[in-house]
>>> print(open('structure26.cif').read())   # mmCIF, C-alpha atoms and all ligand atoms
data_query
loop_
_atom_site.label_atom_id
_atom_site.label_comp_id
_atom_site.auth_asym_id
_atom_site.auth_seq_id
_atom_site.Cartn_x
_atom_site.Cartn_y
_atom_site.Cartn_z
CA MET A 1 -30.31 -52.81 25.16
CA SER A 2 -27.79 -53.53 27.94
CA LYS A 3 -27.05 -51.05 30.70
CA GLY A 4 -23.57 -50.40 29.18
CA THR A 5 -24.91 -49.73 25.66
CA ARG A 6 -27.55 -47.37 27.10
CA ARG A 7 -24.83 -45.47 29.00
CA ILE A 8 -22.72 -45.14 25.82
CA SER A 9 -25.78 -43.99 23.83
CA ALA A 10 -26.53 -41.36 26.47
CA TRP A 11 -22.92 -40.12 26.31
CA LEU A 12 -23.01 -40.00 22.51
CA LEU A 13 -26.22 -37.95 22.72
CA VAL A 14 -24.60 -35.46 25.11
CA VAL A 15 -21.43 -35.16 22.98
CA GLY A 16 -23.55 -34.80 19.83
CA ALA A 17 -25.73 -32.09 21.38
CA LEU A 18 -22.67 -30.22 22.66
CA THR A 19 -20.98 -30.41 19.25
CA LEU A 20 -24.12 -29.03 17.58
CA ALA A 21 -24.40 -26.26 20.17
CA LEU A 22 -20.76 -25.22 19.91
CA ALA A 23 -20.30 -25.72 16.14
CA PRO A 24 -21.32 -22.16 15.18
CA LEU A 25 -18.59 -20.83 17.50
CA PHE A 26 -15.86 -22.80 15.73
CA LEU A 27 -17.29 -22.04 12.33
CA THR A 28 -17.32 -18.28 12.93
CA THR A 29 -13.73 -18.47 14.25
CA ALA A 30 -12.68 -20.31 11.11
CA ARG A 31 -14.47 -17.79 8.92
CA ALA A 32 -13.05 -14.72 10.72
CA GLN A 33 -10.65 -12.97 8.30
CA PRO A 34 -8.37 -9.99 8.88
CA PRO A 35 -10.21 -6.92 7.60
CA ALA A 36 -9.67 -6.43 3.88
CA VAL A 37 -8.30 -3.08 2.83
CA VAL A 38 -10.98 -1.16 1.01
CA THR A 39 -10.60 1.56 -1.55
CA ALA A 40 -12.00 5.03 -1.04
CA ASP A 41 -15.12 3.82 -2.86
CA GLY A 42 -15.59 1.06 -0.29
CA ASN A 43 -14.62 -1.86 -2.53
CA PRO A 44 -12.42 -4.63 -1.16
CA LEU A 45 -8.91 -4.32 -2.56
CA HIS A 46 -6.50 -6.74 -0.89
CA VAL A 47 -5.52 -8.11 2.46
CA LEU A 48 -2.38 -6.11 3.11
CA PRO A 49 0.11 -5.50 5.96
CA LYS A 50 -1.19 -2.93 8.47
CA ALA A 51 1.35 -0.36 7.27
CA CYS A 52 -0.65 -0.32 4.01
CA TRP A 53 -4.08 0.16 5.56
CA PRO A 54 -6.03 3.35 4.86
CA GLU A 55 -6.24 5.42 7.99
CA HIS A 56 -9.96 5.04 8.58
CA LEU A 57 -9.22 1.39 9.42
CA LEU A 58 -6.48 2.26 11.92
CA ILE A 59 -7.41 2.97 15.52
CA GLY A 60 -5.62 3.38 18.85
CA ARG A 61 -2.27 1.58 18.97
CA ASP A 62 -2.40 1.17 15.20
CA THR A 63 -1.34 4.82 14.83
CA ALA A 64 2.25 3.54 15.35
CA PHE A 65 2.00 2.31 11.79
CA ALA A 66 2.36 5.90 10.55
CA ALA A 67 6.10 5.46 11.18
CA ILE A 68 6.34 2.40 8.93
CA PRO A 69 6.28 2.79 5.16
CA CYS A 70 3.98 0.48 3.21
CA ASN A 71 6.10 -1.32 0.62
CA SER A 72 3.64 -3.86 -0.75
CA LEU A 73 3.41 -4.07 -4.54
CA ASP A 74 -0.18 -5.32 -4.13
CA VAL A 75 -1.43 -1.76 -3.66
CA PHE A 76 -0.98 -1.01 -7.36
CA PRO A 77 -3.68 -1.24 -10.02
CA VAL A 78 -2.54 -3.58 -12.83
CA GLY A 79 -1.42 -0.82 -15.23
CA VAL A 80 0.94 0.67 -12.64
CA ARG A 81 2.05 -2.77 -11.45
CA ARG A 82 3.11 -3.60 -15.03
CA GLN A 83 5.36 -0.53 -15.15
CA VAL A 84 6.78 -1.23 -11.69
CA ASP A 85 7.53 -4.88 -12.57
CA CYS A 86 9.30 -3.67 -15.71
CA VAL A 87 11.54 -1.37 -13.62
CA LEU A 88 12.34 -4.04 -11.00
CA GLN A 89 13.13 -6.63 -13.71
CA ARG A 90 15.55 -4.19 -15.34
CA LEU A 91 17.27 -3.61 -11.99
CA GLU A 92 17.54 -7.37 -11.49
CA ARG A 93 18.96 -7.90 -14.98
CA GLY A 94 21.54 -5.18 -14.21
CA GLY A 95 22.53 -7.05 -11.05
CA TRP A 96 21.46 -4.17 -8.76
CA PRO A 97 20.44 -5.02 -5.20
CA TYR A 98 17.38 -2.89 -4.48
CA ARG A 99 14.73 -2.38 -1.85
CA VAL A 100 11.18 -1.19 -2.47
CA TYR A 101 10.99 1.43 0.26
CA GLU A 102 7.49 2.85 -0.08
CA THR A 103 4.44 2.41 -2.28
CA TYR A 104 1.05 3.49 -0.87
CA ARG A 105 1.23 6.33 1.67
CA SER A 106 -1.67 7.22 3.94
CA ASP A 107 -2.50 10.77 4.86
CA ARG A 108 -1.78 9.81 8.47
CA ARG A 109 1.79 8.88 7.53
CA GLN A 110 2.23 12.05 5.48
CA ARG A 111 1.15 14.14 8.49
CA TRP A 112 3.57 12.12 10.68
CA LEU A 113 6.41 12.84 8.22
CA TYR A 114 5.42 16.52 8.04
CA ALA A 115 5.55 16.78 11.84
CA GLN A 116 9.21 15.69 11.82
CA GLY A 117 11.37 18.79 12.30
CA ARG A 118 8.29 20.77 13.30
CA THR A 119 6.42 19.31 16.29
CA ARG A 120 8.62 16.17 16.47
CA PRO A 121 12.45 16.12 16.62
CA GLY A 122 14.50 15.23 13.53
CA PRO A 123 15.37 16.77 10.18
CA ARG A 124 12.55 18.02 7.98
CA VAL A 125 11.83 15.45 5.28
CA THR A 126 8.86 16.96 3.47
CA ASN A 127 7.18 20.29 2.80
CA VAL A 128 3.86 18.68 1.95
CA ALA A 129 1.34 18.47 4.79
CA THR A 130 -1.19 16.19 3.08
CA ALA A 131 -0.70 13.05 0.99
CA GLN A 132 -3.92 13.53 -0.93
CA THR A 133 -2.41 15.44 -3.85
CA GLY A 134 0.58 13.09 -4.16
CA ASN A 135 0.99 9.96 -6.29
CA HIS A 136 1.74 7.65 -3.36
CA TYR A 137 -1.66 8.23 -1.75
CA TRP A 138 -3.41 7.11 -4.97
CA SER A 139 -1.15 4.05 -5.41
CA LEU A 140 0.43 5.62 -8.48
CA GLY A 141 3.95 6.19 -7.10
CA ILE A 142 6.86 4.18 -5.72
CA ASP A 143 10.19 4.82 -3.97
CA VAL A 144 13.03 2.36 -4.62
CA ILE A 145 16.44 2.53 -2.91
CA HIS A 146 19.73 0.65 -3.21
CA GLY A 147 19.68 -2.68 -1.37
CA LYS A 148 22.86 -1.98 0.64
CA LYS A 149 23.83 1.71 0.30
CA LEU A 150 20.16 2.73 0.69
CA TRP A 151 19.89 6.44 -0.31
CA HIS A 152 23.61 6.78 -1.03
CA HIS A 153 24.48 5.42 -4.46
CA PRO A 154 24.31 8.07 -7.26
CA ARG A 155 25.02 5.58 -10.08
CA PHE A 156 22.18 3.32 -8.89
CA PHE A 157 19.76 6.25 -8.86
CA TYR A 158 20.89 7.33 -12.33
CA TRP A 159 20.05 3.88 -13.70
CA LEU A 160 16.83 3.69 -11.67
CA GLY A 161 15.74 6.95 -13.31
CA GLN A 162 16.61 5.57 -16.76
CA HIS A 163 14.57 2.42 -16.08
CA TYR A 164 11.57 4.39 -14.80
CA GLU A 165 11.50 6.35 -18.06
CA ALA A 166 12.10 3.27 -20.23
CA CYS A 167 9.11 1.61 -18.54
CA GLY A 168 6.84 4.60 -19.15
CA MET A 169 7.06 6.16 -15.68
CA VAL A 170 8.08 9.66 -14.59
CA ALA A 171 11.46 9.62 -12.80
CA GLY A 172 11.82 11.92 -9.78
CA ALA A 173 15.60 11.79 -10.25
CA PHE A 174 15.32 14.06 -13.29
CA TRP A 175 13.07 16.71 -11.74
CA LYS A 176 14.72 20.12 -12.07
CA ARG A 177 13.42 21.92 -8.97
CA PHE A 178 13.27 19.20 -6.31
CA PRO A 179 14.92 16.02 -7.60
CA ASP A 180 13.57 12.96 -5.76
CA ALA A 181 15.99 10.16 -6.74
CA PRO A 182 14.12 7.07 -5.42
CA HIS A 183 10.75 8.24 -6.76
CA GLY A 184 8.93 6.95 -9.82
CA GLN A 185 5.30 7.51 -10.73
CA PHE A 186 2.67 6.68 -13.27
CA ALA A 187 3.14 9.18 -16.08
CA ALA A 188 -0.24 10.86 -15.88
CA TRP A 189 0.93 14.24 -14.59
CA GLU A 190 4.30 15.32 -13.26
CA SER A 191 3.31 17.76 -10.57
CA ALA A 192 0.22 18.50 -8.50
CA ALA A 193 -0.16 21.74 -10.48
CA GLN A 194 -0.45 19.78 -13.75
CA ARG A 195 -3.41 17.71 -12.55
CA PRO A 196 -6.39 18.09 -14.88
CA ALA A 197 -9.65 19.36 -13.40
CA TRP A 198 -11.33 15.92 -13.53
CA ALA A 199 -8.47 14.41 -11.53
CA LYS A 200 -8.68 17.16 -8.92
CA ARG A 201 -12.42 16.57 -8.62
CA LEU A 202 -12.12 12.78 -8.24
CA GLN A 203 -9.31 13.20 -5.71
CA ALA A 204 -11.29 15.78 -3.71
CA GLU A 205 -14.18 13.28 -3.62
CA GLY A 206 -11.81 10.48 -2.61
CA LYS A 207 -12.83 8.34 -5.60
CA ARG A 208 -9.80 6.10 -6.00
CA ASP A 209 -11.47 3.52 -8.28
CA SER A 210 -12.94 6.16 -10.56
CA LEU A 211 -9.55 7.86 -10.80
CA TRP A 212 -7.91 4.54 -11.71
CA LEU A 213 -10.63 3.83 -14.30
CA ARG A 214 -10.20 7.25 -15.91
CA LEU A 215 -6.41 6.79 -15.99
CA GLY A 216 -6.83 3.39 -17.64
CA VAL A 217 -4.69 1.59 -15.05
CA THR A 218 -7.27 -1.03 -14.05
CA ARG A 219 -6.55 -3.25 -17.09
ZN ZN B 301 8.06 8.99 -3.74
#
>>> encode(input="structure26.cif", output="structure tokens")
Amino acid sequence: MSKGTRRISAWLLVVGALTLALAPLFLTTARAQPPAVVTADGNPLHVLPKACWPEHLLIGRDTAFAAIPCNSLDVFPVGVRRQVDCVLQRLERGGWPYRVYETYRSDRRQRWLYAQGRTRPGPRVTNVATAQTGNHYWSLGIDVIHGKKLWHHPRFFYWLGQHYEACGMVAGAFWKRFPDAPHGQFAAWESAAQRPAWAKRLQAEGKRDSLWLRLGVTR
């Protein structure tokens, strides 16, 4: 072996050893994923935008996300997603520009909304302090608004309500006491007061998956 070949072999050995030593570093970087959103039962659900993360995953600066509504359709179990797709397809066929404003809502965001007009300036937007009895928290409700006129288009909201009902959902637009025009929800129960005992129990225990199973929305 010539002097030159020996030098090259030595270099190759060093590079090889370094590569082996550093490989795990690169491999772990490649494998590092953003944290998956988990259900209340601790099962992985989806990788979603931060605005859609349950609050136990949000820390420090992430609390700013309480101000941003989650509008991902990926939060829905399949049975609810089917109804929602039906509504959005009907809007599209009618030529309506629309915007999905909010789907899943964390308790953190509900408390942030509740604080508006109370401990934070602005008009009051809700009388409900916790999200945990509402449909949004359980990924069973959605708010849709007009694509350009936003909350200000009565004819759009009339048709939205019609489509919600045609697709098997409850339309907030037709509520007698507190109409909620953008709101549609899975037609399990109309108000918190109508929740059956089993639903109240599962919600109190935070069992999202069990609630979905019992409602038959997971297939
Ligand atoms: Zn709503």
>>> residues_around(input="structure26.cif", residues="segment 48-57 of chain A", least_positions_apart="5", cutoff="6 Å", atoms="only C-alpha atoms", output="list in words")
Val37, Phe65, Ile68, Cys70 and Ser106 of chain A
>>> residues_near_ligand(input="structure26.cif", ligand="ligand ZN 301 (chain B)", cutoff="7 Å", atoms="only C-alpha atoms and all ligand atoms", output="VMD selection string")
chain A and resid 136 141 to 143 182 to 184
>>> closest_atom_pairs(input="structure26.cif", of="segment 63-95 of chain A", to="segment 153-156 of chain A", cutoff="12 Å", atoms="only C-alpha atoms", output="JSON lines")
{"residue": "A:Arg90", "atom": "CA", "partner": "A:Phe156", "partner_atom": "CA", "distance": 11.9}
{"residue": "A:Leu91", "atom": "CA", "partner": "A:Phe156", "partner_atom": "CA", "distance": 9.0}
{"residue": "A:Glu92", "atom": "CA", "partner": "A:Phe156", "partner_atom": "CA", "distance": 11.9}
{"residue": "A:Gly94", "atom": "CA", "partner": "A:Phe156", "partner_atom": "CA", "distance": 10.0}
{"residue": "A:Gly95", "atom": "CA", "partner": "A:Phe156", "partner_atom": "CA", "distance": 10.6}
>>> closest_residue(input="structure26.cif", among="A:Ile145, A:Thr130, A:Trp159, A:Leu113", to="Ala192 of chain A", atoms="all atoms listed in the file")
A:Thr130
>>> closest_residue(input="structure26.cif", among="A:Phe157, A:Tyr101, A:Phe76, A:Trp151", to="Phe186 of chain A", atoms="all atoms listed in the file")
A:Phe76
>>> atom_distance(input="structure26.cif", atom1="atom CA of Arg177 of chain A", atom2="atom CA of Gly206 of chain A")
28.4 Å
>>> closest_residue(input="structure26.cif", among="A:Ser210, A:Gln203, A:Thr218, A:Gln83", to="Ala187 of chain A", atoms="all atoms listed in the file")
A:Gln83
>>> closest_residue(input="structure26.cif", among="A:Arg105, A:Arg81, A:Lys176, A:Arg93", to="Arg219 of chain A", atoms="all atoms listed in the file")
A:Arg81
>>> residues_around(input="structure26.cif", residues="Tyr98 of chain A", least_positions_apart="5", cutoff="7 Å", atoms="only C-alpha atoms", output="list of chain:residue names")
A:Val144, A:Ile145, A:His146, A:Gly147
>>> atom_distance(input="structure26.cif", atom1="atom CA of Val78 of chain A", atom2="atom CA of Ser139 of chain A")
10.7 Å
>>> atom_distance(input="structure26.cif", atom1="atom CA of Val75 of chain A", atom2="atom CA of Thr103 of chain A")
7.3 Å
>>> closest_residue(input="structure26.cif", among="A:Ala188, A:Leu88, A:Leu73, A:Leu13", to="His163 of chain A", atoms="only C-alpha atoms")
A:Leu88
>>> closest_residue(input="structure26.cif", among="A:Asp85, A:Glu190, A:Asp180, A:Asp107", to="Val128 of chain A", atoms="all atoms listed in the file")
A:Asp107
